[in-house]
$ cat query08.cif   # mmCIF, C-alpha atoms
data_coords
loop_
_atom_site.group_PDB
_atom_site.id
_atom_site.type_symbol
_atom_site.label_atom_id
_atom_site.label_comp_id
_atom_site.auth_asym_id
_atom_site.auth_seq_id
_atom_site.Cartn_x
_atom_site.Cartn_y
_atom_site.Cartn_z
ATOM 1 C CA ASN A 1 -109.176 -119.488 64.971
ATOM 2 C CA ASN A 2 -112.806 -118.537 65.682
ATOM 3 C CA ASN A 3 -112.752 -115.577 63.307
ATOM 4 C CA TYR A 4 -111.577 -117.821 60.475
ATOM 5 C CA THR A 5 -114.140 -120.498 61.314
ATOM 6 C CA ASN A 6 -117.143 -118.272 61.918
ATOM 7 C CA ASN A 7 -116.672 -115.285 59.629
ATOM 8 C CA ASN A 8 -114.704 -116.473 56.591
ATOM 9 C CA ASN A 9 -116.726 -119.315 55.105
ATOM 10 C CA ASN A 10 -115.223 -118.891 51.659
ATOM 11 C CA TYR A 11 -111.665 -119.112 52.956
ATOM 12 C CA ARG A 12 -112.591 -121.988 55.280
ATOM 13 C CA ALA A 13 -114.104 -123.898 52.361
ATOM 14 C CA SER A 14 -110.923 -123.447 50.366
ATOM 15 C CA GLY A 15 -108.798 -124.536 53.299
ATOM 16 C CA THR A 16 -110.934 -127.602 53.911
ATOM 17 C CA THR A 17 -110.661 -128.546 50.259
ATOM 18 C CA VAL A 18 -106.881 -128.180 50.241
ATOM 19 C CA GLN A 19 -106.486 -130.367 53.305
ATOM 20 C CA ALA A 20 -108.689 -133.078 51.821
ATOM 21 C CA ILE A 21 -106.759 -132.972 48.534
ATOM 22 C CA ILE A 22 -103.332 -133.159 50.152
ATOM 23 C CA ARG A 23 -104.227 -135.967 52.511
ATOM 24 C CA SER A 24 -105.550 -137.983 49.581
ATOM 25 C CA LYS A 25 -102.488 -137.371 47.377
ATOM 26 C CA HIS A 26 -99.727 -137.941 49.972
ATOM 27 C CA PRO A 27 -97.213 -135.742 48.116
ATOM 28 C CA GLY A 28 -93.464 -136.050 48.477
ATOM 29 C CA GLY A 29 -93.401 -132.458 49.646
ATOM 30 C CA ILE A 30 -95.468 -129.278 49.711
ATOM 31 C CA ILE A 31 -94.570 -125.893 48.221
ATOM 32 C CA LEU A 32 -96.442 -122.730 49.210
ATOM 33 C CA ASP A 33 -96.656 -119.832 46.747
ATOM 34 C CA SER A 34 -98.046 -117.076 48.949
ATOM 35 C CA GLY A 35 -99.489 -114.057 47.164
ATOM 36 C CA CYS A 36 -99.468 -115.940 43.871
ATOM 37 C CA GLY A 37 -101.612 -113.432 41.956
ATOM 38 C CA THR A 38 -102.638 -114.931 38.612
ATOM 39 C CA GLY A 39 -100.884 -118.239 39.369
ATOM 40 C CA ARG A 40 -98.104 -117.814 36.819
ATOM 41 C CA SER A 41 -95.441 -118.668 39.403
ATOM 42 C CA THR A 42 -97.499 -121.566 40.771
ATOM 43 C CA LYS A 43 -97.608 -123.202 37.347
ATOM 44 C CA LEU A 44 -93.857 -122.781 36.860
ATOM 45 C CA LEU A 45 -93.089 -124.190 40.311
ATOM 46 C CA ALA A 46 -95.298 -127.196 39.577
ATOM 47 C CA LYS A 47 -93.245 -127.936 36.452
ATOM 48 C CA MET A 48 -89.975 -127.455 38.328
ATOM 49 C CA HIS A 49 -91.041 -129.759 41.178
ATOM 50 C CA PRO A 50 -93.180 -132.554 39.699
ATOM 51 C CA ASP A 51 -92.857 -134.663 42.854
ATOM 52 C CA HIS A 52 -94.254 -131.862 45.056
ATOM 53 C CA LEU A 53 -97.738 -130.459 45.504
ATOM 54 C CA VAL A 54 -97.724 -126.701 44.881
ATOM 55 C CA ILE A 55 -100.356 -124.486 46.502
ATOM 56 C CA GLY A 56 -100.773 -120.925 45.247
ATOM 57 C CA ILE A 57 -102.665 -118.658 47.651
ATOM 58 C CA ASP A 58 -104.079 -115.211 46.959
ATOM 59 C CA ARG A 59 -106.938 -113.249 48.486
ATOM 60 C CA SER A 60 -108.157 -111.782 45.192
ATOM 61 C CA PHE A 61 -110.742 -113.750 43.240
ATOM 62 C CA VAL A 62 -110.201 -111.352 40.330
ATOM 63 C CA ARG A 63 -106.461 -112.017 40.150
ATOM 64 C CA LEU A 64 -106.861 -115.767 40.542
ATOM 65 C CA THR A 65 -109.366 -115.971 37.705
ATOM 66 C CA LYS A 66 -107.704 -113.460 35.369
ATOM 67 C CA ALA A 67 -106.460 -116.295 33.172
ATOM 68 C CA LYS A 68 -109.330 -118.147 31.490
ATOM 69 C CA SER A 69 -107.657 -121.461 32.274
ATOM 70 C CA ASN A 70 -107.998 -120.644 35.977
ATOM 71 C CA HIS A 71 -111.772 -120.322 35.925
ATOM 72 C CA GLN A 72 -113.453 -122.548 38.469
ATOM 73 C CA ARG A 73 -114.401 -125.979 37.151
ATOM 74 C CA VAL A 74 -114.739 -128.029 40.324
ATOM 75 C CA VAL A 75 -117.365 -127.238 42.951
ATOM 76 C CA VAL A 76 -115.588 -126.536 46.235
ATOM 77 C CA SER A 77 -118.749 -127.234 48.213
ATOM 78 C CA GLN A 78 -118.296 -130.984 47.831
ATOM 79 C CA TYR A 79 -116.168 -130.571 50.961
ATOM 80 C CA GLU A 80 -118.346 -127.956 52.640
ATOM 81 C CA ASN A 81 -121.992 -127.130 53.323
ATOM 82 C CA SER A 82 -123.012 -125.371 50.104
ATOM 83 C CA ALA A 83 -125.454 -123.154 52.000
ATOM 84 C CA THR A 84 -122.532 -121.352 53.674
ATOM 85 C CA VAL A 85 -120.255 -120.970 50.666
ATOM 86 C CA SER A 86 -120.516 -118.372 47.907
ATOM 87 C CA LYS A 87 -119.340 -118.845 44.335
ATOM 88 C CA ARG A 88 -116.114 -117.083 45.327
ATOM 89 C CA ALA A 89 -114.937 -119.917 47.542
ATOM 90 C CA TYR A 90 -112.167 -120.863 45.180
ATOM 91 C CA CYS A 91 -109.889 -123.893 45.030
ATOM 92 C CA HIS A 92 -108.953 -124.863 41.504
ATOM 93 C CA SER A 93 -106.587 -127.459 40.046
ATOM 94 C CA ILE A 94 -104.249 -125.947 37.431
ATOM 95 C CA ALA A 95 -102.006 -129.020 37.072
ATOM 96 C CA ASP A 96 -101.832 -132.560 38.370
ATOM 97 C CA ASN A 97 -99.687 -131.284 41.228
ATOM 98 C CA ALA A 98 -100.859 -127.685 41.654
ATOM 99 C CA PHE A 99 -103.849 -125.823 43.058
ATOM 100 C CA LEU A 100 -104.843 -122.192 43.398
ATOM 101 C CA VAL A 101 -106.663 -121.196 46.577
ATOM 102 C CA ARG A 102 -108.475 -118.001 47.497
ATOM 103 C CA ALA A 103 -107.659 -117.033 51.076
ATOM 104 C CA GLU A 104 -106.200 -114.338 53.286
ATOM 105 C CA LEU A 105 -102.615 -115.479 53.800
ATOM 106 C CA VAL A 106 -102.446 -115.024 57.574
ATOM 107 C CA ASP A 107 -105.776 -116.796 58.088
ATOM 108 C CA PHE A 108 -104.719 -119.606 55.773
ATOM 109 C CA TRP A 109 -101.334 -120.113 57.469
ATOM 110 C CA ARG A 110 -102.937 -120.051 60.905
ATOM 111 C CA CYS A 111 -105.617 -122.497 59.837
ATOM 112 C CA LEU A 112 -102.997 -124.992 58.630
ATOM 113 C CA LEU A 113 -101.005 -124.764 61.839
ATOM 114 C CA GLU A 114 -104.011 -124.996 64.129
ATOM 115 C CA HIS A 115 -105.473 -127.998 62.330
ATOM 116 C CA ASP A 116 -102.292 -130.105 62.201
ATOM 117 C CA ALA A 117 -99.039 -128.180 62.519
ATOM 118 C CA ASP A 118 -96.753 -131.209 62.352
ATOM 119 C CA PHE A 119 -98.421 -132.529 59.197
ATOM 120 C CA TRP A 120 -97.790 -129.276 57.341
ATOM 121 C CA THR A 121 -94.426 -128.158 58.655
ATOM 122 C CA ASP A 122 -92.927 -131.631 58.160
ATOM 123 C CA ARG A 123 -93.921 -131.539 54.482
ATOM 124 C CA ILE A 124 -93.356 -127.925 53.436
ATOM 125 C CA THR A 125 -89.985 -127.757 51.679
ATOM 126 C CA HIS A 126 -90.268 -124.368 49.944
ATOM 127 C CA HIS A 127 -92.233 -121.220 50.700
ATOM 128 C CA TYR A 128 -92.197 -118.526 48.010
ATOM 129 C CA MET A 129 -93.278 -114.894 48.432
ATOM 130 C CA LEU A 130 -92.834 -113.222 45.059
ATOM 131 C CA TYR A 131 -95.035 -110.124 45.231
ATOM 132 C CA PRO A 132 -92.353 -107.482 44.564
ATOM 133 C CA ASN A 133 -93.148 -104.282 46.412
ATOM 134 C CA PRO A 134 -95.540 -104.606 49.356
ATOM 135 C CA TYR A 135 -96.551 -101.354 51.078
ATOM 136 C CA PRO A 136 -93.663 -99.131 49.893
ATOM 137 C CA THR A 137 -94.599 -96.013 51.875
ATOM 138 C CA GLN A 138 -93.068 -95.438 55.304
ATOM 139 C CA GLN A 139 -96.509 -94.862 56.794
ATOM 140 C CA ARG A 140 -97.441 -98.479 56.042
ATOM 141 C CA LEU A 141 -94.190 -100.072 57.200
ATOM 142 C CA SER A 142 -95.988 -102.145 59.852
ATOM 143 C CA GLN A 143 -97.911 -103.919 57.083
ATOM 144 C CA ARG A 144 -94.780 -105.276 55.408
ATOM 145 C CA TRP A 145 -94.288 -108.941 56.263
ATOM 146 C CA TYR A 146 -91.115 -108.500 58.294
ATOM 147 C CA ALA A 147 -92.738 -105.787 60.455
ATOM 148 C CA HIS A 148 -96.183 -107.394 60.691
ATOM 149 C CA ALA A 149 -97.513 -109.175 63.764
ATOM 150 C CA SER A 150 -97.709 -112.359 61.678
ATOM 151 C CA PHE A 151 -93.918 -112.528 61.127
ATOM 152 C CA PRO A 152 -93.456 -115.366 63.672
ATOM 153 C CA LEU A 153 -96.268 -117.244 61.954
ATOM 154 C CA LEU A 154 -94.503 -116.818 58.606
ATOM 155 C CA LEU A 155 -91.296 -118.300 60.025
ATOM 156 C CA GLN A 156 -93.226 -121.171 61.564
ATOM 157 C CA ILE A 157 -95.197 -122.098 58.423
ATOM 158 C CA SER A 158 -92.108 -122.192 56.198
ATOM 159 C CA GLY A 159 -91.178 -125.749 57.151
ATOM 160 C CA THR A 160 -89.156 -127.593 59.782
ATOM 161 C CA GLN A 161 -87.081 -129.802 57.498
ATOM 162 C CA ALA A 162 -83.362 -129.110 57.260
ATOM 163 C CA ASN A 163 -82.672 -127.024 54.137
ATOM 164 C CA SER A 164 -86.299 -126.013 53.652
ATOM 165 C CA LYS A 165 -86.401 -122.573 52.024
ATOM 166 C CA LEU A 166 -88.236 -119.294 52.416
ATOM 167 C CA VAL A 167 -87.662 -117.345 49.199
ATOM 168 C CA VAL A 168 -88.632 -113.685 48.816
ATOM 169 C CA ARG A 169 -88.201 -111.722 45.570
ATOM 170 C CA SER A 170 -88.565 -108.034 44.831
ATOM 171 C CA ASN A 171 -87.415 -105.200 42.586
ATOM 172 C CA TRP A 172 -86.735 -103.309 45.807
ATOM 173 C CA GLU A 173 -83.394 -104.426 47.231
ATOM 174 C CA GLY A 174 -83.898 -102.333 50.362
ATOM 175 C CA TYR A 175 -87.040 -104.265 51.239
ATOM 176 C CA LEU A 176 -85.155 -107.563 51.091
ATOM 177 C CA LYS A 177 -82.267 -106.171 53.143
ATOM 178 C CA GLU A 178 -84.748 -105.062 55.788
ATOM 179 C CA PHE A 179 -86.410 -108.495 55.664
ATOM 180 C CA ALA A 180 -83.026 -110.156 56.280
ATOM 181 C CA LYS A 181 -82.189 -107.717 59.071
ATOM 182 C CA SER A 182 -85.510 -108.522 60.721
ATOM 183 C CA ILE A 183 -84.394 -112.134 61.060
ATOM 184 C CA GLU A 184 -81.373 -110.929 63.038
ATOM 185 C CA ILE A 185 -83.502 -108.627 65.189
ATOM 186 C CA ALA A 186 -86.023 -111.410 65.836
ATOM 187 C CA HIS A 187 -83.161 -113.727 66.836
ATOM 188 C CA GLU A 188 -81.916 -111.187 69.389
ATOM 189 C CA PHE A 189 -85.449 -110.779 70.750
ATOM 190 C CA TYR A 190 -85.959 -114.529 71.141
ATOM 191 C CA GLU A 191 -82.593 -114.904 72.880
ATOM 192 C CA GLN A 192 -83.591 -112.245 75.404
ATOM 193 C CA GLU A 193 -87.047 -113.708 75.939
ATOM 194 C CA LYS A 194 -85.818 -117.228 76.634
ATOM 195 C CA GLU A 195 -84.204 -115.943 79.823
ATOM 196 C CA THR A 196 -87.642 -115.349 81.337
ATOM 197 C CA ALA A 197 -89.999 -117.511 79.274
ATOM 198 C CA HIS A 198 -90.000 -120.758 77.322
ATOM 199 C CA VAL A 199 -89.971 -119.308 73.799
ATOM 200 C CA GLN A 200 -88.836 -121.119 70.666
ATOM 201 C CA ASN A 201 -86.334 -119.121 68.627
ATOM 202 C CA LEU A 202 -88.056 -119.244 65.231
ATOM 203 C CA ALA A 203 -85.439 -116.978 63.637
ATOM 204 C CA LEU A 204 -82.309 -118.951 64.578
ATOM 205 C CA PRO A 205 -82.525 -121.586 61.781
ATOM 206 C CA TYR A 206 -82.566 -118.792 59.169
ATOM 207 C CA LEU A 207 -79.899 -116.607 60.757
ATOM 208 C CA GLN A 208 -76.917 -117.811 58.740
ATOM 209 C CA SER A 209 -78.515 -117.250 55.331
ATOM 210 C CA ALA A 210 -80.148 -113.977 56.452
ATOM 211 C CA ARG A 211 -76.692 -112.570 57.159
ATOM 212 C CA LYS A 212 -75.744 -113.198 53.528
ATOM 213 C CA GLY A 213 -78.539 -110.879 52.404
ATOM 214 C CA PRO A 214 -80.244 -110.645 49.007
ATOM 215 C CA VAL A 215 -78.587 -111.152 45.630
ATOM 216 C CA GLU A 216 -79.471 -109.736 42.237
ATOM 217 C CA ARG A 217 -81.476 -112.051 40.021
ATOM 218 C CA THR A 218 -79.200 -112.576 37.024
ATOM 219 C CA ASP A 219 -80.812 -115.568 35.313
ATOM 220 C CA LYS A 220 -83.679 -113.940 33.437
ATOM 221 C CA THR A 221 -84.431 -116.844 31.141
ATOM 222 C CA VAL A 222 -87.866 -117.217 32.720
ATOM 223 C CA ALA A 223 -89.865 -114.545 34.531
ATOM 224 C CA TRP A 224 -91.727 -116.245 37.353
ATOM 225 C CA THR A 225 -94.328 -113.499 37.756
ATOM 226 C CA ASN A 226 -95.983 -110.868 35.604
ATOM 227 C CA PHE A 227 -94.083 -108.249 37.599
ATOM 228 C CA GLU A 228 -90.720 -109.858 36.810
ATOM 229 C CA ALA A 229 -91.649 -110.011 33.132
ATOM 230 C CA LYS A 230 -92.374 -106.282 33.216
ATOM 231 C CA TYR A 231 -89.139 -105.431 35.006
ATOM 232 C CA ASP A 232 -87.065 -107.662 32.720
ATOM 233 C CA LYS A 233 -88.563 -105.982 29.669
ATOM 234 C CA VAL A 234 -87.455 -102.513 30.757
ATOM 235 C CA GLY A 235 -84.116 -103.661 32.171
ATOM 236 C CA GLU A 236 -84.939 -103.040 35.834
ATOM 237 C CA SER A 237 -83.026 -105.116 38.372
ATOM 238 C CA THR A 238 -84.777 -107.643 40.608
ATOM 239 C CA TYR A 239 -83.439 -109.393 43.693
ATOM 240 C CA GLU A 240 -83.880 -112.584 45.676
ATOM 241 C CA LEU A 241 -83.484 -113.346 49.364
ATOM 242 C CA GLU A 242 -83.151 -117.070 49.976
ATOM 243 C CA LEU A 243 -83.491 -118.090 53.613
ATOM 244 C CA VAL A 244 -82.375 -121.696 54.010
ATOM 245 C CA ARG A 245 -83.259 -123.444 57.225
ATOM 246 C CA ASN A 246 -80.228 -124.713 59.127
ATOM 247 C CA ASN A 247 -81.321 -126.995 61.956
ATOM 248 C CA TYR A 248 -77.759 -127.257 63.272
ATOM 249 C CA CYS A 249 -76.894 -123.613 63.676
ATOM 250 C CA GLU A 250 -76.238 -123.112 67.369
ATOM 251 C CA ASP A 251 -72.642 -122.183 66.499
ATOM 252 C CA ASN A 252 -73.835 -119.507 64.074
ATOM 253 C CA LYS A 253 -75.371 -117.184 66.642
#

$ encode --input "query08.cif" --output "structure tokens"
Amino acid sequence: NNNYTNNNNNYRASGTTVQAIIRSKHPGGIILDSGCGTGRSTKLLAKMHPDHLVIGIDRSFVRLTKAKSNHQRVVVSQYENSATVSKRAYCHSIADNAFLVRAELVDFWRCLLEHDADFWTDRITHHYMLYPNPYPTQQRLSQRWYAHASFPLLLQISGTQANSKLVVRSNWEGYLKEFAKSIEIAHEFYEQEKETAHVQNLALPYLQSARKGPVERTDKTVAWTNFEAKYDKVGESTYELELVRNNYCEDNK
């Protein structure tokens, strides 16, 4: 992606660092925590999956460094020409198996796929999107993930292994129902398109679990995000949509 390469040096530096780290560690699996905010969920996921490498991604330097323990300690420019990278090129280790990265999500996902798609998709076992209420107004519907132009990219980056998971959480059940319905709509679109073009049906592996829809989050022992902690405190319900990849789902159309 020329725009990523030429115009986003900070994000490119972070992406280069992540790739170097992962290739050196050879993890058992990779977990993406997209829109990780302060990294609270990233830290919890790292404890839950000690044999995986967890990558928390957020575009906000302020959010990523809100916790003092997240302040940058390692110079990212060891992997990049320091003349092109500002102090806000951020890739920081928060655990032996977890890193926080500053990047625009779509640019970051695209960068991973364009550099070595098989390397990433073969290793990604979980993809979490836990920001609860993205673009709630009707006027900004096209910016929600399921209605955004990057939706196919999201399905592609969420792993190719059987039983890999795309997990979305929100306090807004309607948003998750619409997300699940979008999988069905995308499946119908891909089925129509394959009649005239060679198009991979990226929605089909998630179709079975999408039809089940979201469920209310009942285990509130641990709040994964600051938002969940706030909602739990006031007794507001939160929900989870778990999309499990089924690589043998031709009969589930």

$ closest_residue --input "query08.cif" --among "A:Ser69, A:Glu188, A:His92, A:Gly28" --to "Ile55 in chain A" --atoms "only C-alpha atoms"
A:His92

$ resolve_selection --input "query08.cif" --expression "the PyMOL selection byres ((chain A and resi 199-213) around 7)" --output "PDB file with C-alpha atoms, keeping the file's coordinate frame"
ATOM      1  CA  PRO A 152     -93.456-115.366  63.672  1.00  0.00           C
ATOM      2  CA  LEU A 155     -91.296-118.300  60.025  1.00  0.00           C
ATOM      3  CA  GLN A 156     -93.226-121.171  61.564  1.00  0.00           C
ATOM      4  CA  LYS A 177     -82.267-106.171  53.143  1.00  0.00           C
ATOM      5  CA  ALA A 180     -83.026-110.156  56.280  1.00  0.00           C
ATOM      6  CA  ILE A 183     -84.394-112.134  61.060  1.00  0.00           C
ATOM      7  CA  GLU A 184     -81.373-110.929  63.038  1.00  0.00           C
ATOM      8  CA  ALA A 186     -86.023-111.410  65.836  1.00  0.00           C
ATOM      9  CA  HIS A 187     -83.161-113.727  66.836  1.00  0.00           C
ATOM     10  CA  TYR A 190     -85.959-114.529  71.141  1.00  0.00           C
ATOM     11  CA  GLU A 193     -87.047-113.708  75.939  1.00  0.00           C
ATOM     12  CA  LYS A 194     -85.818-117.228  76.634  1.00  0.00           C
ATOM     13  CA  ALA A 197     -89.999-117.511  79.274  1.00  0.00           C
ATOM     14  CA  HIS A 198     -90.000-120.758  77.322  1.00  0.00           C
ATOM     15  CA  PRO A 214     -80.244-110.645  49.007  1.00  0.00           C
ATOM     16  CA  VAL A 215     -78.587-111.152  45.630  1.00  0.00           C
ATOM     17  CA  LEU A 241     -83.484-113.346  49.364  1.00  0.00           C
ATOM     18  CA  LEU A 243     -83.491-118.090  53.613  1.00  0.00           C
ATOM     19  CA  VAL A 244     -82.375-121.696  54.010  1.00  0.00           C
ATOM     20  CA  ARG A 245     -83.259-123.444  57.225  1.00  0.00           C
ATOM     21  CA  ASN A 246     -80.228-124.713  59.127  1.00  0.00           C
ATOM     22  CA  ASN A 247     -81.321-126.995  61.956  1.00  0.00           C
ATOM     23  CA  CYS A 249     -76.894-123.613  63.676  1.00  0.00           C
ATOM     24  CA  ASN A 252     -73.835-119.507  64.074  1.00  0.00           C
TER      25      ASN A 252
END

$ atom_distance --input "query08.cif" --atom1 "CA of Asp96 in chain A" --atom2 "CA of Ala20 in chain A"
15.1 Å

$ atom_distance --input "query08.cif" --atom1 "CA of Val234 in chain A" --atom2 "CA of Tyr131 in chain A"
18.0 Å

$ residues_around --input "query08.cif" --residues "range 98-101 of chain A" --least-positions-apart "6" --cutoff "8 Å" --atoms "only C-alpha atoms" --output "ChimeraX atom specification"
/A:14-15,18,39,42-43,46,53-58,64,90-92

$ write_last_selection --input "query08.cif" --atoms "C-alpha atoms" --output "short mmCIF file (atom, residue, chain, number, x, y, z; two decimals), keeping the file's coordinate frame"
data_model
loop_
_atom_site.label_atom_id
_atom_site.label_comp_id
_atom_site.auth_asym_id
_atom_site.auth_seq_id
_atom_site.Cartn_x
_atom_site.Cartn_y
_atom_site.Cartn_z
CA SER A 14 -110.92 -123.45 50.37
CA GLY A 15 -108.80 -124.54 53.30
CA VAL A 18 -106.88 -128.18 50.24
CA GLY A 39 -100.88 -118.24 39.37
CA THR A 42 -97.50 -121.57 40.77
CA LYS A 43 -97.61 -123.20 37.35
CA ALA A 46 -95.30 -127.20 39.58
CA LEU A 53 -97.74 -130.46 45.50
CA VAL A 54 -97.72 -126.70 44.88
CA ILE A 55 -100.36 -124.49 46.50
CA GLY A 56 -100.77 -120.92 45.25
CA ILE A 57 -102.66 -118.66 47.65
CA ASP A 58 -104.08 -115.21 46.96
CA LEU A 64 -106.86 -115.77 40.54
CA TYR A 90 -112.17 -120.86 45.18
CA CYS A 91 -109.89 -123.89 45.03
CA HIS A 92 -108.95 -124.86 41.50
#

$ residues_around --input "query08.cif" --residues "range 218-233 of chain A" --least-positions-apart "6" --cutoff "8 Å" --atoms "only C-alpha atoms" --output "VMD selection string"
chain A and resid 40 to 41 44 130 to 132 171

$ residues_around --input "query08.cif" --residues "Tyr128 in chain A" --least-positions-apart "6" --cutoff "7 Å" --atoms "only C-alpha atoms" --output "list in words"
Leu32, Asp33, Ser34, Leu166, Val167 and Val168 of chain A

$ closest_residue --input "query08.cif" --among "A:Phe61, A:Phe108, A:Trp172, A:Phe179" --to "Ile157 in chain A" --atoms "only C-alpha atoms"
A:Phe108

$ atom_distance --input "query08.cif" --atom1 "CA of Leu141 in chain A" --atom2 "CA of Glu178 in chain A"
10.8 Å

$ resolve_selection --input "query08.cif" --expression "the PyMOL selection byres ((chain A and resi 134) around 12)" --output "ChimeraX atom specification"
/A:35,129-133,135-138,140-148,168-172,174-176,179

$ write_last_selection --input "query08.cif" --atoms "C-alpha atoms" --output "PDB file, in the frame of the given file"
ATOM      1  CA  GLY A  35     -99.489-114.057  47.164  1.00  0.00           C
ATOM      2  CA  MET A 129     -93.278-114.894  48.432  1.00  0.00           C
ATOM      3  CA  LEU A 130     -92.834-113.222  45.059  1.00  0.00           C
ATOM      4  CA  TYR A 131     -95.035-110.124  45.231  1.00  0.00           C
ATOM      5  CA  PRO A 132     -92.353-107.482  44.564  1.00  0.00           C
ATOM      6  CA  ASN A 133     -93.148-104.282  46.412  1.00  0.00           C
ATOM      7  CA  TYR A 135     -96.551-101.354  51.078  1.00  0.00           C
ATOM      8  CA  PRO A 136     -93.663 -99.131  49.893  1.00  0.00           C
ATOM      9  CA  THR A 137     -94.599 -96.013  51.875  1.00  0.00           C
ATOM     10  CA  GLN A 138     -93.068 -95.438  55.304  1.00  0.00           C
ATOM     11  CA  ARG A 140     -97.441 -98.479  56.042  1.00  0.00           C
ATOM     12  CA  LEU A 141     -94.190-100.072  57.200  1.00  0.00           C
ATOM     13  CA  SER A 142     -95.988-102.145  59.852  1.00  0.00           C
ATOM     14  CA  GLN A 143     -97.911-103.919  57.083  1.00  0.00           C
ATOM     15  CA  ARG A 144     -94.780-105.276  55.408  1.00  0.00           C
ATOM     16  CA  TRP A 145     -94.288-108.941  56.263  1.00  0.00           C
ATOM     17  CA  TYR A 146     -91.115-108.500  58.294  1.00  0.00           C
ATOM     18  CA  ALA A 147     -92.738-105.787  60.455  1.00  0.00           C
ATOM     19  CA  HIS A 148     -96.183-107.394  60.691  1.00  0.00           C
ATOM     20  CA  VAL A 168     -88.632-113.685  48.816  1.00  0.00           C
ATOM     21  CA  ARG A 169     -88.201-111.722  45.570  1.00  0.00           C
ATOM     22  CA  SER A 170     -88.565-108.034  44.831  1.00  0.00           C
ATOM     23  CA  ASN A 171     -87.415-105.200  42.586  1.00  0.00           C
ATOM     24  CA  TRP A 172     -86.735-103.309  45.807  1.00  0.00           C
ATOM     25  CA  GLY A 174     -83.898-102.333  50.362  1.00  0.00           C
ATOM     26  CA  TYR A 175     -87.040-104.265  51.239  1.00  0.00           C
ATOM     27  CA  LEU A 176     -85.155-107.563  51.091  1.00  0.00           C
ATOM     28  CA  PHE A 179     -86.410-108.495  55.664  1.00  0.00           C
TER      29      PHE A 179
END

$ residues_near_point --input "query08.cif" --point "(-83.2, -126.9, 51.9)" --cutoff "7 Å" --atoms "all atoms listed in the file" --output "VMD selection string"
chain A and resid 125 162 to 165 244 to 245

$ closest_residue --input "query08.cif" --among "A:Phe189, A:Trp109, A:Ile94, A:Thr38" --to "Arg63 in chain A" --atoms "only C-alpha atoms"
A:Thr38

$ closest_residue --input "query08.cif" --among "A:Glu195, A:Glu104, A:Asp118, A:Glu173" --to "Ser158 in chain A" --atoms "all atoms listed in the file"
A:Asp118

$ residues_around --input "query08.cif" --residues "Ile30 in chain A" --least-positions-apart "4" --cutoff "10 Å" --atoms "all atoms listed in the file" --output "list in words"
Ile22, His26, His49, Asp51, His52, Leu53, Val54, Ile55, Asn97, Ala98, Trp120, Thr121, Asp122, Arg123, Ile124, Thr125, His126, His127 and Gly159 of chain A
